[in-house]
Structures are given as structure tokens and as C-alpha cells.
Amino acid sequence: MKKAIVVFIICVLAIGTSCKEEVVQINKNVFFPVKMGEMWGLVDTSCNFTLEPVYNCFGEFYQSIALVSKGDRIAYIDENGKLLKPFDFISGTHFSEGLAFVLGTDSAISCIDTAMNIVFALPAVERAEIFEDGLAAVKVGDKFGYIDRSGKNVIPCTFDVVTPFSEGYAAVANFVSIKDSLILKWNYIDKKGKVVIENKFDDALPFHMGKAAVRNENSWEYLNTKGENSLNGKIFDECHSFSNGFAAFCKNQKWGIIRADGKVILEPAYPVIGAYKNGFFPFSLGPESFGYLDSTGKIVIQPEYKAVSGFSKGFAFVVKESKLSIINSNGKIICENRFDSAPGYFGSFLGFVDTPLNTFVEKHRSPIESTVNF
């Protein structure tokens, strides 16, 4: 059977766990993977190429290491553009918790460390995902389970679909037959594989800040680790995971902002509000009218862009004309209308993805479709 690795070549932005408001600082030592024409390279905050476009594809940096491709092979480079190992792999994941998975030319999946040393091999595994919370999801046959950092299978492969662990829990799903249709139903397990929240949800997101968003039919709510509604019974049409004490929610086709204690910061007012990251909510007034809100719901960068990404390290990608630009957290453009693509750009929007389910606006889709390949 063909082996696969979930390749996160798109931008995955980490979700914080603190309830305190983030202090956004502009980091001058940032390098941006960008595409010029048909090839990818690196630019710095002065908009100068530190690595000329020479790669067919370029991932975001994780732990100061990025995944790049040439032809039908991938490798890893550091932020100085130094190749850490020759192009010996067919596919791979980005680094997480100091480890990554690679698919070798012998069709075997191995786990490597940041020194490019093999930590262990997984000859029986057909698919591997990144480590989160000390465990990584793997697929054997047609079922998923989890391994630890030594490669030991600690949760048997009995699930049809899984998400990464977060805060000690993972959402897992199996197909059930309902009215002659197979439908995924979700529960939560702990690190021993025990089902701790069993309600057979229609959709379920990872825990963040002690809360997990789940869907039953057309309604979303936030549960605590006991499986109870954690926001005084509040129900939403749609919602995002909490990040740094805030989340966006949808009621009656309009989006607002809520705090982790249940206080509504911004009543539903906008067609789209994205996930809160690094001090900003991306939002939209309508097609091709994207900007940013702060955690109080105040517009801090005007909605004058066709598309925007989430902020990372004090910078974001935006589209105003035909090409991508880079802005800093003050809204100043530092590279204007220059690039053809960036990690996560799909031609008409910037789809920066949260592991494992959510696009920039976190439209919930089946995690079966979340595998990203070159």
C-alpha cells in the first residue's frame, strides 16, 4: 500500500495558551518564503532576497527549519538558507517538538531530529503526522492511532479519523451507519486512549484553554474537559477555537468576538472574522475588503485588501493589487505588490491553516481532506 505523510507546506500558526493580551512586537530577524515567477526563495524585512528563488516549493519555518522541494524530492534548510541534508526524501512533515517524519526513497517512513538523524523507523506505518503534546498520529491499514516519541504505539489504531493531541486530549472519529449513510461521529480521548467525552459529535476541534468547540447538527458550543457547556449555555452557528483568551463566533450570518469567560466583546457585525492570532483578528466587510481588528473589536488596519493572512512574528501577507505584499503590525507595507505566492496562498485567498481542521476563516471541513501534499 502506498505510504503517505501529512506534509504541512502551508503556514500553520501556533495557538497560544495564555489568557493575557499579547504584546505585538516587530521582529527584524524574520525571513519570508516567497515565490517569484515559478521558483521560491527567501526575503528579509528589508525586502531583499537572502536566498534567491531556486526551489520548486517552500514551507513556513518551524523551529527555524523549513521544508523545500526540488523536482520530486524534498529537503530541509535553516533560516540562513543552508541545506541541512541532500534531497534524499520523497515527502516529509515540518518540525514539531523537535521531530519530523520523512518518507525515504525506499518507501519507508522514519522520524528525524533537527540534526537530520534518524530517531526511529516505522516500517509498518502507512501515514504519519506531526508530534503534538508528545504524541503523533499514525495510520496502519485503514485505521489511525498514536505513537510516543520513541516510536512505540501507545494508543491502538482503531479510529477512522483523528486530530492531534492538545492539552492532554484528542478528538477522534469513527464512521457510523445512519439511514444507509456512513457519517463520522466524534469523541474525545485522553493519552491512555480512554474515551473521556462521549457524545458522538458531528464535528469537534482540539482543546485550547480548557475549551473545545463541538458541533451537533447546525449548532456549535464550547465544552470543558467534563463535557459540559463552558460558556453558560451559549450556542453559536459557528465558532473558532480560543486563542489568548479570545475567539470569533457567528450568529445569524454575522461574526463577533467573545472572551474566554463568556463576555461578548463585539456583537456580531461582520461577514467574516478569522481566528485570533498574535494580537489580530483578520476580518472582512465583504468580498476583497479584508483588514484587521484588535481584541477589543476595534479596526486597527483598514479593510482595504483583497486577501490577508494571519500575523506571525509581527508581519503578514496581504493582497491589494495583483501580487502579494508584506505588512508589519503597524499596517505599514514593507514589500509592495511584489510576490506571486507565499505559503498558504491559493490564488484568490490566503488560506493559512490551523492544525488540523481550520482554514483562515476556519470553515469546518472534513479532516479527511486536510492532507496537504506538494
# chains A, B, ... in the order shown; residues from 1 in each chain; ligands from 1

$ residues_around --residues "stretch 57-71 of chain A" --least-positions-apart "2" --cutoff "9 Å" --atoms "only C-alpha atoms" --output "ChimeraX atom specification"
/A:8-12,31-35,39-41,54-55,73-79,84,87,91-98,114,342-344,374

$ closest_residue --among "A:Val138, A:Ala260, A:Ala248, A:Phe131" --to "A:Ile109" --atoms "only C-alpha atoms"
A:Val138

$ residues_around --residues "A:Pro206" --least-positions-apart "6" --cutoff "7 Å" --atoms "only C-alpha atoms" --output "ChimeraX atom specification"
/A:166,170-171,212

$ residues_around --residues "stretch 236-241 of chain A" --least-positions-apart "6" --cutoff "9 Å" --atoms "only C-alpha atoms" --output "VMD selection string"
chain A and resid 15 205 to 209 211 to 213 215 218 to 222 247 to 253 255 274 to 276 358 361 to 364

$ write_last_selection --atoms "N, CA, C and O atoms" --output "tab-separated table (two decimals), in the first residue's frame"
chain	number	residue	atom	x	y	z
A	15	ILE	N	-1.29	28.31	18.23
A	15	ILE	CA	-2.32	28.93	19.05
A	15	ILE	C	-1.81	29.01	20.47
A	15	ILE	O	-1.40	28.01	21.06
A	205	LEU	N	-13.30	20.18	17.48
A	205	LEU	CA	-12.00	20.82	17.35
A	205	LEU	C	-11.14	20.55	18.58
A	205	LEU	O	-11.67	20.19	19.64
A	206	PRO	N	-9.82	20.71	18.48
A	206	PRO	CA	-8.95	20.44	19.62
A	206	PRO	C	-9.22	21.37	20.79
A	206	PRO	O	-9.75	22.48	20.63
A	207	PHE	N	-8.81	20.94	21.99
A	207	PHE	CA	-8.91	21.77	23.19
A	207	PHE	C	-7.87	22.88	23.15
A	207	PHE	O	-6.71	22.65	22.80
A	208	HIS	N	-8.32	24.07	23.50
A	208	HIS	CA	-7.43	25.21	23.72
A	208	HIS	C	-7.98	26.00	24.89
A	208	HIS	O	-9.18	26.31	24.93
A	209	MET	N	-7.10	26.26	25.86
A	209	MET	CA	-7.51	27.00	27.06
A	209	MET	C	-8.64	26.28	27.80
A	209	MET	O	-9.52	26.91	28.36
A	211	LYS	N	-11.05	24.56	26.63
A	211	LYS	CA	-12.33	24.57	25.93
A	211	LYS	C	-12.16	23.97	24.54
A	211	LYS	O	-11.16	24.20	23.87
A	212	ALA	N	-13.17	23.22	24.11
A	212	ALA	CA	-13.16	22.65	22.77
A	212	ALA	C	-14.49	22.95	22.10
A	212	ALA	O	-15.56	22.79	22.71
A	213	ALA	N	-14.45	23.41	20.86
A	213	ALA	CA	-15.66	23.70	20.11
A	213	ALA	C	-16.15	22.42	19.44
A	213	ALA	O	-15.38	21.71	18.80
A	215	ARG	N	-19.71	20.51	17.33
A	215	ARG	CA	-20.96	20.75	16.59
A	215	ARG	C	-21.89	19.56	16.71
A	215	ARG	O	-21.48	18.42	16.54
A	218	ASN	N	-26.55	21.70	13.45
A	218	ASN	CA	-26.14	23.03	12.95
A	218	ASN	C	-25.71	23.99	14.06
A	218	ASN	O	-25.56	25.19	13.82
A	219	SER	N	-25.49	23.49	15.26
A	219	SER	CA	-25.14	24.35	16.38
A	219	SER	C	-23.78	23.99	16.96
A	219	SER	O	-23.44	22.80	17.09
A	220	TRP	N	-23.02	25.03	17.31
A	220	TRP	CA	-21.71	24.87	17.94
A	220	TRP	C	-21.75	25.36	19.37
A	220	TRP	O	-22.50	26.29	19.70
A	221	GLU	N	-20.94	24.74	20.22
A	221	GLU	CA	-20.78	25.20	21.60
A	221	GLU	C	-19.38	24.86	22.07
A	221	GLU	O	-18.67	24.08	21.43
A	222	TYR	N	-18.98	25.46	23.19
A	222	TYR	CA	-17.69	25.17	23.79
A	222	TYR	C	-17.89	24.27	25.00
A	222	TYR	O	-18.67	24.59	25.91
A	247	ALA	N	-12.01	34.49	21.02
A	247	ALA	CA	-12.41	33.70	19.86
A	247	ALA	C	-13.47	34.46	19.09
A	247	ALA	O	-14.17	35.32	19.64
A	248	ALA	N	-13.58	34.15	17.81
A	248	ALA	CA	-14.65	34.72	16.98
A	248	ALA	C	-15.80	33.72	16.91
A	248	ALA	O	-15.58	32.51	16.92
A	249	PHE	N	-17.03	34.24	16.84
A	249	PHE	CA	-18.21	33.38	16.76
A	249	PHE	C	-19.20	33.97	15.76
A	249	PHE	O	-19.16	35.18	15.46
A	250	CYS	N	-20.08	33.13	15.26
A	250	CYS	CA	-21.05	33.54	14.26
A	250	CYS	C	-22.48	33.29	14.75
A	250	CYS	O	-22.77	32.21	15.27
A	251	LYS	N	-23.32	34.30	14.60
A	251	LYS	CA	-24.75	34.19	14.87
A	251	LYS	C	-25.49	34.93	13.76
A	251	LYS	O	-25.18	36.09	13.46
A	252	ASN	N	-26.46	34.25	13.17
A	252	ASN	CA	-27.28	34.86	12.12
A	252	ASN	C	-26.43	35.45	10.99
A	252	ASN	O	-26.67	36.56	10.52
A	253	GLN	N	-25.40	34.68	10.60
A	253	GLN	CA	-24.55	35.01	9.46
A	253	GLN	C	-23.67	36.23	9.68
A	253	GLN	O	-23.13	36.79	8.72
A	255	TRP	N	-20.42	37.80	12.30
A	255	TRP	CA	-19.38	37.36	13.24
A	255	TRP	C	-19.09	38.42	14.29
A	255	TRP	O	-19.08	39.62	13.99
A	274	GLY	N	-11.77	36.10	11.23
A	274	GLY	CA	-10.91	34.92	11.31
A	274	GLY	C	-10.45	34.64	12.71
A	274	GLY	O	-10.86	35.30	13.68
A	275	ALA	N	-9.59	33.65	12.86
A	275	ALA	CA	-9.09	33.25	14.17
A	275	ALA	C	-8.13	34.29	14.72
A	275	ALA	O	-7.36	34.91	13.99
A	276	TYR	N	-8.17	34.48	16.04
A	276	TYR	CA	-7.30	35.45	16.73
A	276	TYR	C	-5.90	34.88	16.85
A	276	TYR	O	-5.70	33.81	17.41
A	358	ASN	N	-8.79	23.78	10.28
A	358	ASN	CA	-9.39	25.07	10.02
A	358	ASN	C	-8.64	25.90	8.99
A	358	ASN	O	-7.43	26.03	9.06
A	361	VAL	N	-10.55	31.40	7.67
A	361	VAL	CA	-11.83	31.75	8.27
A	361	VAL	C	-12.42	30.56	9.01
A	361	VAL	O	-13.54	30.62	9.48
A	362	GLU	N	-11.64	29.50	9.11
A	362	GLU	CA	-11.99	28.31	9.86
A	362	GLU	C	-13.34	27.74	9.46
A	362	GLU	O	-14.16	27.39	10.28
A	363	LYS	N	-13.58	27.67	8.17
A	363	LYS	CA	-14.75	26.94	7.69
A	363	LYS	C	-14.48	25.46	7.93
A	363	LYS	O	-13.49	24.92	7.46
A	364	HIS	N	-15.33	24.82	8.67
A	364	HIS	CA	-15.05	23.47	9.11
A	364	HIS	C	-15.26	22.48	7.98
A	364	HIS	O	-16.32	22.43	7.38

$ closest_atom_pairs --of "stretch 198-279 of chain A" --to "stretch 284-289 of chain A" --cutoff "9 Å" --atoms "only C-alpha atoms" --output "CSV"
residue,atom,partner,partner_atom,distance
A:Tyr270,CA,A:Leu285,CA,6.0
A:Pro271,CA,A:Leu285,CA,6.1
A:Val272,CA,A:Ser284,CA,5.1
A:Ile273,CA,A:Ser284,CA,6.5
A:Gly274,CA,A:Ser284,CA,8.7

$ closest_residue --among "A:Phe175, A:Lys298, A:Tyr169, A:Ser322" --to "A:Lys194" --atoms "only C-alpha atoms"
A:Tyr169

$ residues_around --residues "A:Phe201" --least-positions-apart "6" --cutoff "8 Å" --atoms "only C-alpha atoms" --output "MDAnalysis selection string"
chainID A and resid 185:187 214:216

$ write_last_selection --atoms "C-alpha atoms" --output "mmCIF file, in the first residue's frame"
data_model
loop_
_atom_site.group_PDB
_atom_site.id
_atom_site.type_symbol
_atom_site.label_atom_id
_atom_site.label_comp_id
_atom_site.auth_asym_id
_atom_site.auth_seq_id
_atom_site.Cartn_x
_atom_site.Cartn_y
_atom_site.Cartn_z
ATOM 1 C CA LYS A 185 -19.062 10.822 14.752
ATOM 2 C CA TRP A 186 -16.540 12.390 17.122
ATOM 3 C CA ASN A 187 -15.495 11.761 20.730
ATOM 4 C CA VAL A 214 -18.048 20.935 19.003
ATOM 5 C CA ARG A 215 -20.958 20.752 16.591
ATOM 6 C CA ASN A 216 -24.222 18.883 16.888
#

$ atom_distance --atom1 "atom CA of A:Ile299" --atom2 "atom CA of A:Phe283"
9.1 Å

$ residues_around --residues "A:Gly331" --least-positions-apart "2" --cutoff "9 Å" --atoms "only C-alpha atoms" --output "list in words"
Val300, Ile301, Gln302, Phe315, Ile327, Asn328, Ser329 and Ile333 of chain A

$ write_last_selection --atoms "N, CA and C atoms" --output "CSV table (one decimal), in the first residue's frame"
chain,number,residue,atom,x,y,z
A,300,VAL,N,-8.0,48.1,13.4
A,300,VAL,CA,-6.6,48.7,13.6
A,300,VAL,C,-5.8,48.7,12.3
A,301,ILE,N,-6.3,47.9,11.3
A,301,ILE,CA,-5.7,48.0,9.9
A,301,ILE,C,-6.9,48.0,9.0
A,302,GLN,N,-7.1,49.0,8.2
A,302,GLN,CA,-8.3,49.2,7.4
A,302,GLN,C,-8.6,48.0,6.5
A,315,PHE,N,4.4,40.2,11.3
A,315,PHE,CA,4.2,40.5,9.9
A,315,PHE,C,3.1,39.6,9.3
A,327,ILE,N,3.1,43.3,5.2
A,327,ILE,CA,2.9,44.5,6.1
A,327,ILE,C,3.4,44.1,7.4
A,328,ASN,N,3.8,45.2,8.2
A,328,ASN,CA,4.1,44.9,9.6
A,328,ASN,C,2.9,45.2,10.5
A,329,SER,N,3.1,45.0,11.8
A,329,SER,CA,1.9,45.1,12.7
A,329,SER,C,1.4,46.5,12.9
A,333,ILE,N,3.3,48.9,4.7
A,333,ILE,CA,3.8,47.9,3.7
A,333,ILE,C,5.3,48.0,3.6

$ select_by_dssp --residues "stretch 121-193 of chain A" --states "strand (DSSP E or B)" --output "PyMOL selection string"
chain A and resi 121-122+127-132+135-140+143-147+153-159+161-162+166+169-178+181-189

$ residues_around --residues "A:Leu99" --least-positions-apart "6" --cutoff "7 Å" --atoms "only C-alpha atoms" --output "list in words"
Cys111, Ile112, Asp113 and Thr114 of chain A

$ atom_distance --atom1 "atom CA of A:Tyr345" --atom2 "atom CA of A:Asn48"
20.6 Å

$ atom_distance --atom1 "atom CA of A:Leu231" --atom2 "atom CA of A:Ala173"
24.6 Å

$ closest_residue --among "A:Arg149, A:Lys226, A:Lys139, A:Lys306" --to "A:Glu321" --atoms "only C-alpha atoms"
A:Lys306
